[in-house]
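Enquirer: What follows is upload_21.txt, made up of compact mmCIF, C-alpha atoms:
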```txt
# COMPACT_ATOMS: atom_id res chain seq x y z
CA MET A 859 -4.90 -6.49 -29.89
CA LEU A 860 -4.51 -4.96 -26.43
CA ARG A 861 -7.50 -6.96 -25.37
CA LYS A 862 -5.63 -10.17 -26.06
CA LYS A 863 -2.60 -8.87 -24.27
CA SER A 864 -4.77 -8.05 -21.31
CA ALA A 865 -5.87 -11.56 -20.67
CA ILE A 866 -4.82 -13.77 -17.82
CA THR A 867 -5.86 -15.28 -14.61
CA LEU A 868 -9.32 -14.46 -13.76
CA VAL A 869 -11.41 -13.62 -10.88
CA THR A 870 -14.96 -14.02 -11.55
CA LEU A 871 -17.02 -11.28 -10.16
CA MET A 872 -20.25 -9.37 -10.50
CA THR A 873 -22.62 -7.66 -12.80
CA ALA A 874 -25.43 -5.23 -12.38
CA THR A 875 -28.64 -3.87 -13.76
CA ALA A 876 -30.83 -1.25 -12.17
CA ALA A 877 -34.25 0.16 -12.39
CA PHE A 878 -34.24 3.91 -12.69
CA ILE A 879 -37.27 6.15 -12.62
CA SER A 880 -36.70 9.79 -13.27
CA GLY A 881 -39.24 12.31 -12.07
CA CYS A 882 -41.01 14.56 -14.49
CA GLY A 883 -41.07 18.28 -14.01
CA ASN A 884 -44.29 20.05 -13.10
CA SER A 885 -46.29 21.32 -16.03
CA ALA A 886 -47.05 25.00 -16.06
CA THR A 887 -50.09 26.42 -17.84
CA THR A 888 -50.72 30.03 -18.65
CA ALA A 889 -54.08 30.99 -17.23
CA GLY A 890 -56.38 33.09 -19.45
CA SER A 891 -54.31 32.62 -22.61
CA SER A 892 -56.62 30.97 -25.08
CA ALA A 893 -54.09 31.56 -27.84
CA ALA A 894 -51.49 29.29 -26.27
CA PRO A 895 -50.68 26.15 -28.33
CA SER A 896 -52.45 23.03 -27.16
CA ASN A 897 -49.14 21.19 -26.59
CA ALA A 898 -47.63 23.87 -24.34
CA PRO A 899 -48.05 21.92 -21.04
CA VAL A 900 -46.34 18.86 -22.55
CA LYS A 901 -43.47 20.94 -23.90
CA ALA A 902 -43.00 22.63 -20.53
CA ALA A 903 -42.83 19.25 -18.81
CA ILE A 904 -40.17 18.02 -21.22
CA ASP A 905 -38.11 21.19 -20.92
CA SER A 906 -38.14 21.02 -17.11
CA LYS A 907 -36.96 17.41 -16.98
CA LYS A 908 -33.27 17.52 -16.03
CA PRO A 909 -30.82 14.63 -15.69
CA VAL A 910 -30.31 13.25 -12.21
CA GLU A 911 -26.70 13.95 -11.24
CA PHE A 912 -24.82 11.87 -8.71
CA THR A 913 -21.29 12.23 -7.35
CA PHE A 914 -18.72 9.50 -7.74
CA TYR A 915 -15.51 9.59 -5.67
CA PHE A 916 -12.55 7.44 -6.68
CA THR A 917 -8.80 7.40 -6.23
CA GLY A 918 -5.83 5.67 -7.76
CA SER A 919 -3.17 6.04 -10.40
CA GLN A 920 -3.62 7.74 -13.78
CA ASN A 921 -4.83 4.53 -15.41
CA VAL A 922 -7.83 4.48 -13.05
CA LYS A 923 -8.72 8.03 -14.08
CA ASP A 924 -8.28 7.10 -17.73
CA LEU A 925 -10.71 4.22 -17.29
CA TRP A 926 -13.47 6.39 -15.83
CA ASP A 927 -12.77 9.14 -18.35
CA THR A 928 -13.72 6.54 -20.94
CA LEU A 929 -16.62 4.76 -19.24
CA ILE A 930 -18.54 7.77 -17.92
CA PRO A 931 -19.02 9.47 -21.33
CA MET A 932 -20.05 6.10 -22.79
CA PHE A 933 -22.72 5.74 -20.11
CA GLU A 934 -24.00 9.31 -20.42
CA LYS A 935 -24.30 8.99 -24.19
CA GLN A 936 -26.61 6.02 -23.71
CA ASN A 937 -28.47 7.46 -20.69
CA ALA A 938 -29.41 11.11 -21.11
CA ASP A 939 -31.44 11.04 -17.88
CA VAL A 940 -28.37 10.50 -15.65
CA LYS A 941 -25.22 12.56 -15.26
CA VAL A 942 -22.14 11.37 -13.36
CA LYS A 943 -20.02 13.92 -11.52
CA PRO A 944 -16.60 12.27 -11.04
CA VAL A 945 -14.31 13.41 -8.24
CA TYR A 946 -10.79 12.06 -8.75
CA ILE A 947 -8.37 12.05 -5.83
CA PRO A 948 -4.87 11.18 -7.07
CA SER A 949 -2.91 8.68 -5.02
CA GLY A 950 -0.74 10.22 -2.31
CA THR A 951 -2.35 13.68 -2.34
CA GLY A 952 -3.03 13.67 1.39
CA ALA A 953 -6.67 14.56 0.89
CA GLN A 954 -9.14 13.66 3.63
CA PRO A 955 -10.04 10.03 3.08
CA THR A 956 -13.37 9.67 1.36
CA TYR A 957 -14.44 6.94 3.74
CA ASP A 958 -13.99 9.23 6.74
CA ARG A 959 -16.08 11.90 5.04
CA ILE A 960 -18.95 9.48 4.46
CA LEU A 961 -18.79 8.28 8.06
CA ALA A 962 -18.61 11.82 9.45
CA ALA A 963 -21.65 12.86 7.39
CA LYS A 964 -23.64 9.95 8.76
CA GLN A 965 -22.66 10.74 12.35
CA ALA A 966 -23.64 14.39 11.83
CA ASN A 967 -27.01 13.42 10.30
CA LYS A 968 -25.95 14.94 6.97
CA GLY A 969 -26.76 12.03 4.72
CA SER A 970 -23.92 10.62 2.66
CA GLY A 971 -21.85 13.80 2.55
CA ASP A 972 -22.76 14.37 -1.11
CA ILE A 973 -21.02 11.12 -2.07
CA ASP A 974 -23.25 8.71 -3.97
CA LEU A 975 -20.72 6.15 -5.20
CA TYR A 976 -17.31 5.23 -3.82
CA GLU A 977 -14.49 3.04 -5.16
CA ASP A 978 -12.08 1.27 -2.82
CA GLY A 979 -10.69 -2.07 -1.68
CA LEU A 980 -11.94 -4.90 0.50
CA SER A 981 -10.76 -3.37 3.77
CA ASN A 982 -13.21 -0.47 3.44
CA VAL A 983 -16.00 -2.77 2.35
CA THR A 984 -15.68 -4.70 5.61
CA ARG A 985 -15.03 -1.56 7.65
CA GLY A 986 -18.19 -0.04 6.21
CA GLN A 987 -20.12 -3.13 7.14
CA LYS A 988 -19.23 -2.54 10.80
CA ASP A 989 -20.13 1.15 10.51
CA ASP A 990 -23.35 0.35 8.62
CA LEU A 991 -22.46 2.66 5.72
CA TRP A 992 -23.20 0.64 2.60
CA ASP A 993 -26.40 -0.10 0.78
CA THR A 994 -27.23 -3.78 0.26
CA LEU A 995 -27.18 -4.39 -3.48
CA ALA A 996 -29.73 -6.84 -4.83
CA THR A 997 -30.69 -8.30 -8.18
CA ASP A 998 -34.15 -6.73 -8.17
CA LYS A 999 -32.45 -3.37 -8.69
CA ILE A 1000 -29.12 -4.47 -10.18
CA LYS A 1001 -30.07 -7.54 -12.17
CA ASN A 1002 -26.66 -8.22 -13.63
CA LEU A 1003 -25.47 -9.22 -10.16
CA THR A 1004 -26.53 -12.69 -11.27
CA SER A 1005 -23.46 -12.71 -13.52
CA VAL A 1006 -21.08 -12.32 -10.60
CA ASP A 1007 -19.47 -15.26 -8.88
CA GLU A 1008 -21.74 -16.27 -6.01
CA LYS A 1009 -18.88 -16.85 -3.56
CA THR A 1010 -17.54 -13.36 -4.15
CA ILE A 1011 -20.95 -11.79 -3.52
CA LYS A 1012 -21.46 -13.85 -0.38
CA ASP A 1013 -18.00 -12.91 0.89
CA ILE A 1014 -18.97 -9.23 0.98
CA SER A 1015 -22.62 -9.70 1.98
CA ASN A 1016 -23.86 -7.92 -1.19
CA LEU A 1017 -22.46 -4.62 0.08
CA ALA A 1018 -20.31 -3.83 -2.97
CA ILE A 1019 -19.72 -4.57 -6.62
CA PRO A 1020 -16.32 -5.98 -7.58
CA TYR A 1021 -16.16 -4.42 -11.03
CA ARG A 1022 -12.56 -5.30 -11.92
CA SER A 1023 -9.81 -7.40 -10.49
CA SER A 1024 -6.25 -8.57 -10.70
CA ALA A 1025 -4.61 -11.74 -9.49
CA VAL A 1026 -1.20 -12.75 -8.35
CA VAL A 1027 0.25 -15.23 -10.84
CA LEU A 1028 3.53 -16.94 -11.51
CA ALA A 1029 5.49 -14.80 -13.99
CA TYR A 1030 8.49 -16.41 -15.65
CA ASN A 1031 11.05 -16.07 -18.43
CA SER A 1032 9.94 -18.66 -20.99
CA ASP A 1033 13.40 -18.61 -22.61
CA LYS A 1034 14.79 -20.03 -19.38
CA VAL A 1035 11.80 -22.00 -18.07
CA ALA A 1036 10.30 -24.24 -20.73
CA THR A 1037 7.85 -26.02 -18.42
CA PRO A 1038 6.70 -23.91 -15.45
CA PRO A 1039 5.35 -25.47 -12.25
CA LYS A 1040 1.64 -26.29 -12.21
CA THR A 1041 1.12 -26.85 -8.49
CA LEU A 1042 2.44 -25.31 -5.29
CA ASP A 1043 4.47 -28.40 -4.51
CA GLU A 1044 6.07 -28.27 -7.96
CA LEU A 1045 6.89 -24.59 -7.43
CA TYR A 1046 8.56 -25.23 -4.07
CA ASP A 1047 10.54 -28.08 -5.62
CA TRP A 1048 11.61 -25.80 -8.52
CA ILE A 1049 12.82 -23.12 -6.10
CA LYS A 1050 15.01 -25.63 -4.26
CA LYS A 1051 16.44 -27.05 -7.50
CA ASN A 1052 17.13 -23.59 -8.96
CA PRO A 1053 18.78 -21.61 -6.13
CA SER A 1054 18.65 -17.80 -6.36
CA LYS A 1055 16.49 -17.92 -9.51
CA PHE A 1056 13.24 -17.19 -7.69
CA ALA A 1057 12.32 -14.06 -5.76
CA TYR A 1058 9.34 -12.70 -3.88
CA ASN A 1059 9.04 -9.26 -2.34
CA ASP A 1060 8.72 -8.41 1.34
CA PRO A 1061 5.01 -9.12 2.05
CA SER A 1062 4.60 -5.87 3.96
CA THR A 1063 5.58 -3.87 0.86
CA GLY A 1064 3.40 -5.35 -1.85
CA GLY A 1065 0.57 -7.75 -2.56
CA ALA A 1066 2.52 -10.19 -4.74
CA GLY A 1067 4.91 -11.16 -1.95
CA ASN A 1068 2.05 -11.04 0.52
CA SER A 1069 0.16 -13.53 -1.62
CA PHE A 1070 3.14 -15.87 -1.83
CA VAL A 1071 3.45 -15.92 1.96
CA ALA A 1072 -0.28 -16.29 2.62
CA THR A 1073 -0.60 -19.08 0.06
CA ALA A 1074 2.21 -20.99 1.77
CA LEU A 1075 0.59 -20.61 5.20
CA TYR A 1076 -2.89 -21.61 4.09
CA LYS A 1077 -1.65 -24.59 2.09
CA PHE A 1078 -1.83 -26.56 5.33
CA LEU A 1079 -5.26 -25.32 6.43
CA PRO A 1080 -8.81 -26.14 5.32
CA GLU A 1081 -9.93 -24.27 2.19
CA GLU A 1082 -12.52 -22.25 4.09
CA ALA A 1083 -9.78 -20.73 6.28
CA ILE A 1084 -8.96 -18.18 3.54
CA HIS A 1085 -12.29 -16.54 4.38
CA ASN A 1086 -11.84 -16.57 8.15
CA SER A 1087 -10.48 -13.59 10.08
CA ASP A 1088 -10.73 -15.17 13.54
CA PRO A 1089 -7.37 -15.06 15.39
CA SER A 1090 -7.69 -18.76 16.22
CA VAL A 1091 -6.67 -19.52 12.63
CA GLU A 1092 -3.13 -18.35 13.40
CA LYS A 1093 -2.51 -21.54 15.36
CA GLY A 1094 -2.38 -23.38 12.02
CA TRP A 1095 0.36 -21.21 10.50
CA ASP A 1096 3.34 -23.09 11.94
CA GLN A 1097 3.82 -25.52 9.04
CA GLY A 1098 3.67 -22.69 6.55
CA PHE A 1099 6.31 -20.66 8.32
CA THR A 1100 8.55 -23.70 8.55
CA LEU A 1101 8.24 -24.06 4.78
CA LEU A 1102 9.03 -20.39 4.17
CA LYS A 1103 12.13 -20.55 6.38
CA GLU A 1104 13.31 -23.61 4.47
CA LEU A 1105 12.77 -21.88 1.11
CA GLY A 1106 14.71 -18.85 2.33
CA LYS A 1107 18.01 -20.64 1.61
CA SER A 1108 17.07 -21.04 -2.05
CA VAL A 1109 15.41 -17.76 -2.96
CA TYR A 1110 17.26 -14.82 -4.53
CA GLY A 1111 20.45 -13.94 -2.66
CA LYS A 1112 19.83 -16.76 -0.15
CA GLY A 1113 17.21 -14.68 1.59
CA ILE A 1114 17.05 -11.25 -0.05
CA TYR A 1115 13.48 -9.97 -0.35
CA PRO A 1116 13.07 -6.92 -2.62
CA LYS A 1117 10.86 -4.03 -1.64
CA LYS A 1118 7.52 -3.59 -3.39
CA ASN A 1119 5.99 -5.52 -6.27
CA GLN A 1120 8.18 -3.67 -8.75
CA GLY A 1121 11.31 -4.87 -7.00
CA THR A 1122 10.88 -8.45 -8.16
CA LEU A 1123 9.71 -7.36 -11.61
CA ASP A 1124 12.98 -5.47 -11.98
CA LEU A 1125 14.90 -8.65 -11.15
CA LEU A 1126 12.94 -10.56 -13.78
CA THR A 1127 13.58 -7.81 -16.34
CA SER A 1128 17.33 -7.81 -15.67
CA GLY A 1129 17.52 -11.60 -15.86
CA GLU A 1130 18.79 -11.99 -12.31
CA VAL A 1131 15.87 -14.32 -11.59
CA ASP A 1132 13.73 -16.48 -13.86
CA MET A 1133 10.49 -16.65 -11.88
CA ILE A 1134 8.47 -14.50 -9.48
CA PRO A 1135 4.96 -14.08 -8.10
CA ALA A 1136 3.52 -10.90 -9.62
CA TRP A 1137 0.28 -9.01 -10.15
CA SER A 1138 -1.11 -9.93 -13.55
CA ASP A 1139 -2.06 -6.38 -14.52
CA MET A 1140 1.45 -5.09 -13.78
CA VAL A 1141 3.01 -7.83 -15.90
CA LEU A 1142 0.62 -7.32 -18.80
CA GLU A 1143 1.06 -3.57 -18.80
CA GLN A 1144 4.85 -3.75 -18.67
CA VAL A 1145 5.03 -6.39 -21.39
CA ALA A 1146 2.77 -4.21 -23.56
CA LYS A 1147 5.07 -1.22 -23.00
CA GLY A 1148 8.23 -3.20 -23.63
CA GLN A 1149 9.41 -2.82 -20.04
CA LEU A 1150 9.42 -6.59 -19.56
CA PRO A 1151 10.85 -8.92 -22.23
CA LYS A 1152 8.44 -10.56 -24.65
CA SER A 1153 9.57 -13.91 -23.30
CA THR A 1154 7.69 -13.14 -20.07
CA LYS A 1155 4.75 -15.46 -19.59
CA MET A 1156 2.30 -16.13 -16.78
CA THR A 1157 0.49 -19.09 -15.32
CA GLN A 1158 -1.70 -19.86 -12.33
CA LEU A 1159 -1.01 -22.67 -9.90
CA THR A 1160 -3.23 -25.24 -8.21
CA PRO A 1161 -4.16 -24.28 -5.55
CA GLY A 1162 -3.83 -20.75 -6.80
CA PHE A 1163 -2.40 -17.53 -5.49
CA ASN A 1164 -4.90 -14.96 -4.32
CA GLY A 1165 -6.10 -11.89 -6.10
CA GLY A 1166 -8.28 -8.99 -5.28
CA PRO A 1167 -11.15 -7.05 -6.75
CA THR A 1168 -11.65 -3.32 -6.63
CA TYR A 1169 -15.13 -2.51 -5.35
CA LEU A 1170 -17.84 0.07 -5.93
CA MET A 1171 -19.94 0.90 -2.86
CA VAL A 1172 -23.17 2.85 -2.60
CA PRO A 1173 -23.59 4.84 0.65
CA LYS A 1174 -26.82 3.78 2.31
CA LEU A 1175 -27.84 7.41 2.89
CA SER A 1176 -27.38 8.52 -0.73
CA GLU A 1177 -30.49 10.14 -2.23
CA LYS A 1178 -29.48 9.24 -5.79
CA LYS A 1179 -29.42 5.47 -5.50
CA ASP A 1180 -31.73 4.74 -8.45
CA ALA A 1181 -29.44 6.68 -10.77
CA VAL A 1182 -26.39 4.95 -9.30
CA TYR A 1183 -27.97 1.53 -9.84
CA LYS A 1184 -28.41 2.36 -13.50
CA PHE A 1185 -24.76 3.32 -13.78
CA LEU A 1186 -23.63 0.15 -12.00
CA ASP A 1187 -25.68 -1.90 -14.44
CA PHE A 1188 -23.77 -0.32 -17.29
CA VAL A 1189 -20.38 -0.79 -15.58
CA LEU A 1190 -21.06 -4.51 -15.29
CA SER A 1191 -22.24 -4.89 -18.88
CA PRO A 1192 -20.03 -6.89 -21.27
CA GLU A 1193 -19.45 -3.68 -23.24
CA ALA A 1194 -18.06 -1.78 -20.26
CA GLN A 1195 -16.19 -4.79 -18.92
CA GLY A 1196 -14.41 -5.07 -22.25
CA VAL A 1197 -13.07 -1.56 -21.65
CA VAL A 1198 -11.89 -2.64 -18.19
CA VAL A 1199 -9.93 -5.49 -19.75
CA ASP A 1200 -8.40 -3.16 -22.36
CA LYS A 1201 -7.61 -0.18 -20.17
CA MET A 1202 -6.62 -1.84 -16.92
CA HIS A 1203 -4.99 -5.04 -18.18
CA GLY A 1204 -7.10 -6.75 -15.55
CA PHE A 1205 -9.86 -9.29 -15.21
CA PRO A 1206 -13.51 -8.51 -15.82
CA GLY A 1207 -15.80 -8.10 -12.85
CA ILE A 1208 -18.31 -10.56 -14.25
CA LYS A 1209 -18.10 -14.23 -15.05
CA LEU A 1210 -15.99 -14.90 -18.09
CA SER A 1211 -18.90 -16.70 -19.75
CA ASN A 1212 -20.64 -13.34 -20.10
CA MET A 1213 -17.78 -11.82 -22.08
CA SER A 1214 -17.13 -11.95 -25.81
CA LYS A 1215 -15.63 -15.09 -27.30
CA GLU A 1216 -12.48 -13.13 -28.10
CA ILE A 1217 -11.93 -12.28 -24.43
CA GLN A 1218 -12.92 -15.76 -23.28
CA ASP A 1219 -10.38 -17.29 -25.65
CA SER A 1220 -7.67 -14.93 -24.45
CA PHE A 1221 -8.15 -16.16 -20.87
CA LYS A 1222 -7.94 -19.85 -21.72
CA GLY A 1223 -5.44 -21.74 -19.61
CA ALA A 1224 -5.01 -18.87 -17.19
CA SER A 1225 -8.30 -18.64 -15.38
CA GLU A 1226 -8.28 -21.84 -13.36
CA GLY A 1227 -7.36 -21.80 -9.71
CA PHE A 1228 -7.74 -18.13 -8.89
CA ARG A 1229 -8.82 -17.56 -5.29
CA SER A 1230 -9.99 -14.61 -3.26
CA PHE A 1231 -8.56 -14.36 0.26
CA ASN A 1232 -10.35 -12.45 3.00
CA ILE A 1233 -8.44 -12.80 6.27
CA GLY A 1234 -9.00 -9.27 7.55
CA GLU A 1235 -6.72 -8.03 10.33
CA LEU A 1236 -4.82 -11.34 10.43
CA ASP A 1237 -2.72 -10.00 7.58
CA LYS A 1238 -0.90 -7.67 9.97
CA ASP A 1239 0.02 -10.54 12.28
CA MET A 1240 1.15 -12.59 9.31
CA THR A 1241 3.61 -9.98 8.02
CA LYS A 1242 4.90 -9.23 11.52
CA ARG A 1243 5.64 -12.88 12.17
CA TRP A 1244 7.24 -13.24 8.71
CA GLN A 1245 9.63 -10.39 9.55
CA SER A 1246 10.78 -12.01 12.75
CA GLU A 1247 10.87 -15.68 11.69
CA VAL A 1248 11.75 -15.60 7.98
CA ALA A 1249 13.39 -12.31 7.00
CA ALA A 1250 15.50 -12.16 10.15
CA GLN A 1251 16.95 -15.66 9.92
```
Output the file's structure in the form of structure tokens.

Expert:
Amino acid sequence: MLRKKSAITLVTLMTATAAFISGCGNSATTAGSSAAPSNAPVKAAIDSKKPVEFTFYFTGSQNVKDLWDTLIPMFEKQNADVKVKPVYIPSGTGAQPTYDRILAAKQANKGSGDIDLYEDGLSNVTRGQKDDLWDTLATDKIKNLTSVDEKTIKDISNLAIPYRSSAVVLAYNSDKVATPPKTLDELYDWIKKNPSKFAYNDPSTGGAGNSFVATALYKFLPEEAIHNSDPSVEKGWDQGFTLLKELGKSVYGKGIYPKKNQGTLDLLTSGEVDMIPAWSDMVLEQVAKGQLPKSTKMTQLTPGFNGGPTYLMVPKLSEKKDAVYKFLDFVLSPEAQGVVVDKMHGFPGIKLSNMSKEIQDSFKGASEGFRSFNIGELDKDMTKRWQSEVAAQ
């Protein structure tokens, strides 16, 4: 089943329930009409009760649209009192960024700009925290938040719901690599013993290579540093960069770093390399489509590579928040999260223990060690220094 194919490293994230109270319409009585049926006022109230409609903006590739095209009708079928108006902005269309529209509406005292729910990444969660845009989400209104990993919730100050995720894992050709590395040290040793059989992409062009570099740098720092965006942390990067420069002699082409995440996947497909860091959802999808050989397998290391959730944020000035809470509760239900696993080849946004036994079993052996990194603007300095000290050597 696709669901089994979609299983791998996990990120444990959040879940939601919401209290929603819809207003009843005003009853209208017909004065002086003694012949009117006795239940007329009740019928009028029912007829005037319309679903509360909220607007949901999201962007991404076609698979993101396909996901919401599945989940929204499921929700509306179960909740006749709420209607979701999706606004899909395809990637690369050049449309005005949704975030800027929400911020501009706030600054102009125009509420949330008719945007009641917004999907985006961590950078706009933290940016919105500075601009005071997002509603604080709590378990009294979204009760399934208790099913989300506490560290993840704390990391974003309850300002968003990480409803799905993907992680960077070690992808390898099992026909060539019988026993893959289990730790970072074992991986680095494997790279040195198998010259040109490992590749990672330029960290400025894709998250898989970025994760490989960041994981090497933070190997020599305290665990809590992966959640610290203070520039003082950069002083501890020296050992990591020394390691990366040393590995450069043994990676693909003695220092060739492909562009984008797909660049290394192509090398794995062609057999030019036997092992790469890669996004789990990309690997799963391409294996399912036959674009990667069936011999491709994945594993997580200890300590693990990082991954990242995709978040849902509720503008603080939205007037439809109760309806949105109800929708978020559904999105974080095991039923909806099962669709996320199937459609997106990704990890559920709630703790694995809340999922079906089938999905839990499919993640066995791959869920340990996943970590979420939140280093903010330090990422730019990291890639800049990598270009000058590693790529240029």

Enquirer: Taking the point (-21.8, 12.2, 0.3) as given in the file, collect each protein or nucleic acid residue that comes within 9 Å of it, counting only C-alpha atoms, and present the set as a ChimeraX atom specification.

Expert: /A:913,956,959-960,963-964,968-975,1173,1175-1176

Enquirer: Mind writing the picked residues with C-alpha atoms as a JSON list (two decimals), in the coordinates of the input?

Expert:
```
[["chain", "number", "residue", "atom", "x", "y", "z"],
["A", 913, "THR", "CA", -21.29, 12.23, -7.35],
["A", 956, "THR", "CA", -13.37, 9.67, 1.36],
["A", 959, "ARG", "CA", -16.08, 11.90, 5.04],
["A", 960, "ILE", "CA", -18.95, 9.48, 4.46],
["A", 963, "ALA", "CA", -21.65, 12.86, 7.39],
["A", 964, "LYS", "CA", -23.64, 9.95, 8.76],
["A", 968, "LYS", "CA", -25.95, 14.94, 6.97],
["A", 969, "GLY", "CA", -26.76, 12.03, 4.72],
["A", 970, "SER", "CA", -23.92, 10.62, 2.66],
["A", 971, "GLY", "CA", -21.85, 13.80, 2.55],
["A", 972, "ASP", "CA", -22.76, 14.37, -1.11],
["A", 973, "ILE", "CA", -21.02, 11.12, -2.07],
["A", 974, "ASP", "CA", -23.25, 8.71, -3.97],
["A", 975, "LEU", "CA", -20.72, 6.15, -5.20],
["A", 1173, "PRO", "CA", -23.59, 4.84, 0.65],
["A", 1175, "LEU", "CA", -27.84, 7.41, 2.89],
["A", 1176, "SER", "CA", -27.38, 8.52, -0.73]]
```

Enquirer: Name all residues at most 9 Å from Gly1106 of chain A (count only C-alpha atoms; drop same-chain ones fewer than 4 positions away) and give them as a list in words.

Expert: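 Close residues of Gly1106 of chain A: Leu1101, Leu1102, Tyr1110, Lys1112, Gly1113, Ile1114, Val1248, Ala1249 and Gln1251 of chain A.
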
Enquirer: Which polymer residues have any atom within 8 Å of an atom of segment 1043-1055 of chain A, counting all atoms listed in the file, with same-chain residues fewer than 3 positions away left out, as a PyMOL selection string?

Expert: chain A and resi 1039-1040+1105+1107-1112+1130-1133

Enquirer: When you draw a straight line from atom CA of Gly1166 of chain A to atom CA of Leu1028 of chain A, how long is it in Å?

Expert: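 Atom CA of Gly1166 of chain A sits 15.5 Å away from atom CA of Leu1028 of chain A.
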
Enquirer: Distance atom CA of Ser1191 of chain A-atom CA of Lys923 of chain A, one decimal place?

Expert: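 Between atom CA of Ser1191 of chain A and atom CA of Lys923 of chain A the gap works out to 19.3 Å.
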
Enquirer: Would you mind reading off the distance between atom CA of Thr1168 of chain A and atom CA of Val940 of chain A, one decimal, in Å?

Expert: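 Answer for the atom CA of Thr1168 of chain A to atom CA of Val940 of chain A separation: 23.5 Å.
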
Enquirer: Between A:Ala1074, A:Leu1236, A:Val922, A:Met1140, which has the minimum distance to Val1027 of chain A (counting only C-alpha atoms)?

Expert: A:Met1140

Enquirer: Compare A:Ala1066, A:Ala1072, A:Ala966, A:Leu1210 by their minimum atom-to-atom distance to Ser1024 of chain A, counting only C-alpha atoms, and give me the closest one.

Expert: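 The answer is A:Ala1066, which sits nearest to Ser1024 of chain A.
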
Enquirer: May I ask which of the residues A:Tyr1115, A:Tyr1030, A:Trp926, A:Phe1056 is the closest one to Gln1158 of chain A, counting only C-alpha atoms?

Expert: A:Tyr1030

Enquirer: Rank nothing, just name the residue among A:Gly986, A:Gly1098, A:Gly1204, A:Pro1161 nearest to Leu925 of chain A, using all atoms listed in the file.

Expert: A:Gly1204

Enquirer: Need the shell around Ala996 of chain A: protein/DNA/RNA residues with any atom at most 8 Å away, counting only C-alpha atoms. Skip same-chain ones fewer than 5 positions apart. Format as a ChimeraX atom specification?

Expert: /A:1001,1003,1016

Enquirer: Can you write just those residues out, C-alpha atoms, as a PDB file, keeping the file's coordinate frame?

Expert:
```pdb
ATOM      1  CA  LYS A1001     -30.070  -7.540 -12.170  1.00  0.00           C
ATOM      2  CA  LEU A1003     -25.470  -9.220 -10.160  1.00  0.00           C
ATOM      3  CA  ASN A1016     -23.860  -7.920  -1.190  1.00  0.00           C
TER       4      ASN A1016
END
```

Enquirer: Using all atoms listed in the file, can you tell me which of A:Leu1075, A:Ala938, A:Leu1125, A:Met932 comes closest to Lys1103 of chain A?

Expert: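 When distances to Lys1103 of chain A are compared using all atoms listed in the file, the smallest one comes from A:Leu1075.
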
Enquirer: When you count only C-alpha atoms, which of these residues is closest to Ser1023 of chain A: A:Lys1209, A:Lys1117, A:Lys1215, A:Lys988?

Expert: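 Ranked by minimum distance to Ser1023 of chain A, first place goes to A:Lys1209.
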
Enquirer: Find the spatial neighbours of Asp1060 of chain A, counting all atoms listed in the file, within a cut-off of 12 Å - ignore same-chain residues fewer than 6 positions away - and output them as a PyMOL selection string.

Expert: chain A and resi 1066-1071+1113-1122+1135+1240-1242+1244-1245+1248-1250

Enquirer: Can you list, as JSON, numbers by chain, every protein, DNA or RNA residue that comes within 12 Å of segment 1007-1009 of chain A when you count only C-alpha atoms, leaving out same-chain residues fewer than 3 positions away?

Expert: {"A": [868, 869, 870, 871, 872, 873, 1002, 1003, 1004, 1012, 1013, 1014, 1015, 1016, 1019, 1020, 1021, 1082, 1085, 1167, 1206, 1207, 1208, 1209, 1210, 1211, 1212, 1229, 1230, 1231, 1232]}

Enquirer: Output requested as a compact mmCIF listing (two decimals), keeping the file's coordinate frame - segment 1159-1167 of chain A, filled out with N, CA and C atoms.

Expert:
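Ended up saving to result-v6.txt:
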```txt
# COMPACT_ATOMS: atom_id res chain seq x y z
N LEU A 1159 -1.29 -21.38 -10.52
CA LEU A 1159 -1.01 -22.67 -9.90
C LEU A 1159 -2.28 -23.29 -9.33
N THR A 1160 -2.14 -24.55 -8.90
CA THR A 1160 -3.23 -25.24 -8.21
C THR A 1160 -2.69 -25.79 -6.90
N PRO A 1161 -3.21 -25.38 -5.73
CA PRO A 1161 -4.16 -24.28 -5.55
C PRO A 1161 -3.52 -22.94 -5.89
N GLY A 1162 -4.34 -21.98 -6.25
CA GLY A 1162 -3.83 -20.75 -6.80
C GLY A 1162 -3.46 -19.68 -5.78
N PHE A 1163 -2.66 -18.73 -6.28
CA PHE A 1163 -2.40 -17.53 -5.49
C PHE A 1163 -3.70 -16.73 -5.38
N ASN A 1164 -3.69 -15.76 -4.48
CA ASN A 1164 -4.90 -14.96 -4.32
C ASN A 1164 -4.87 -13.74 -5.23
N GLY A 1165 -5.99 -13.13 -5.35
CA GLY A 1165 -6.10 -11.89 -6.10
C GLY A 1165 -7.10 -11.00 -5.39
N GLY A 1166 -7.36 -9.88 -5.95
CA GLY A 1166 -8.28 -8.99 -5.28
C GLY A 1166 -9.05 -8.10 -6.22
N PRO A 1167 -10.34 -7.96 -5.96
CA PRO A 1167 -11.15 -7.05 -6.75
C PRO A 1167 -11.02 -5.62 -6.24
```
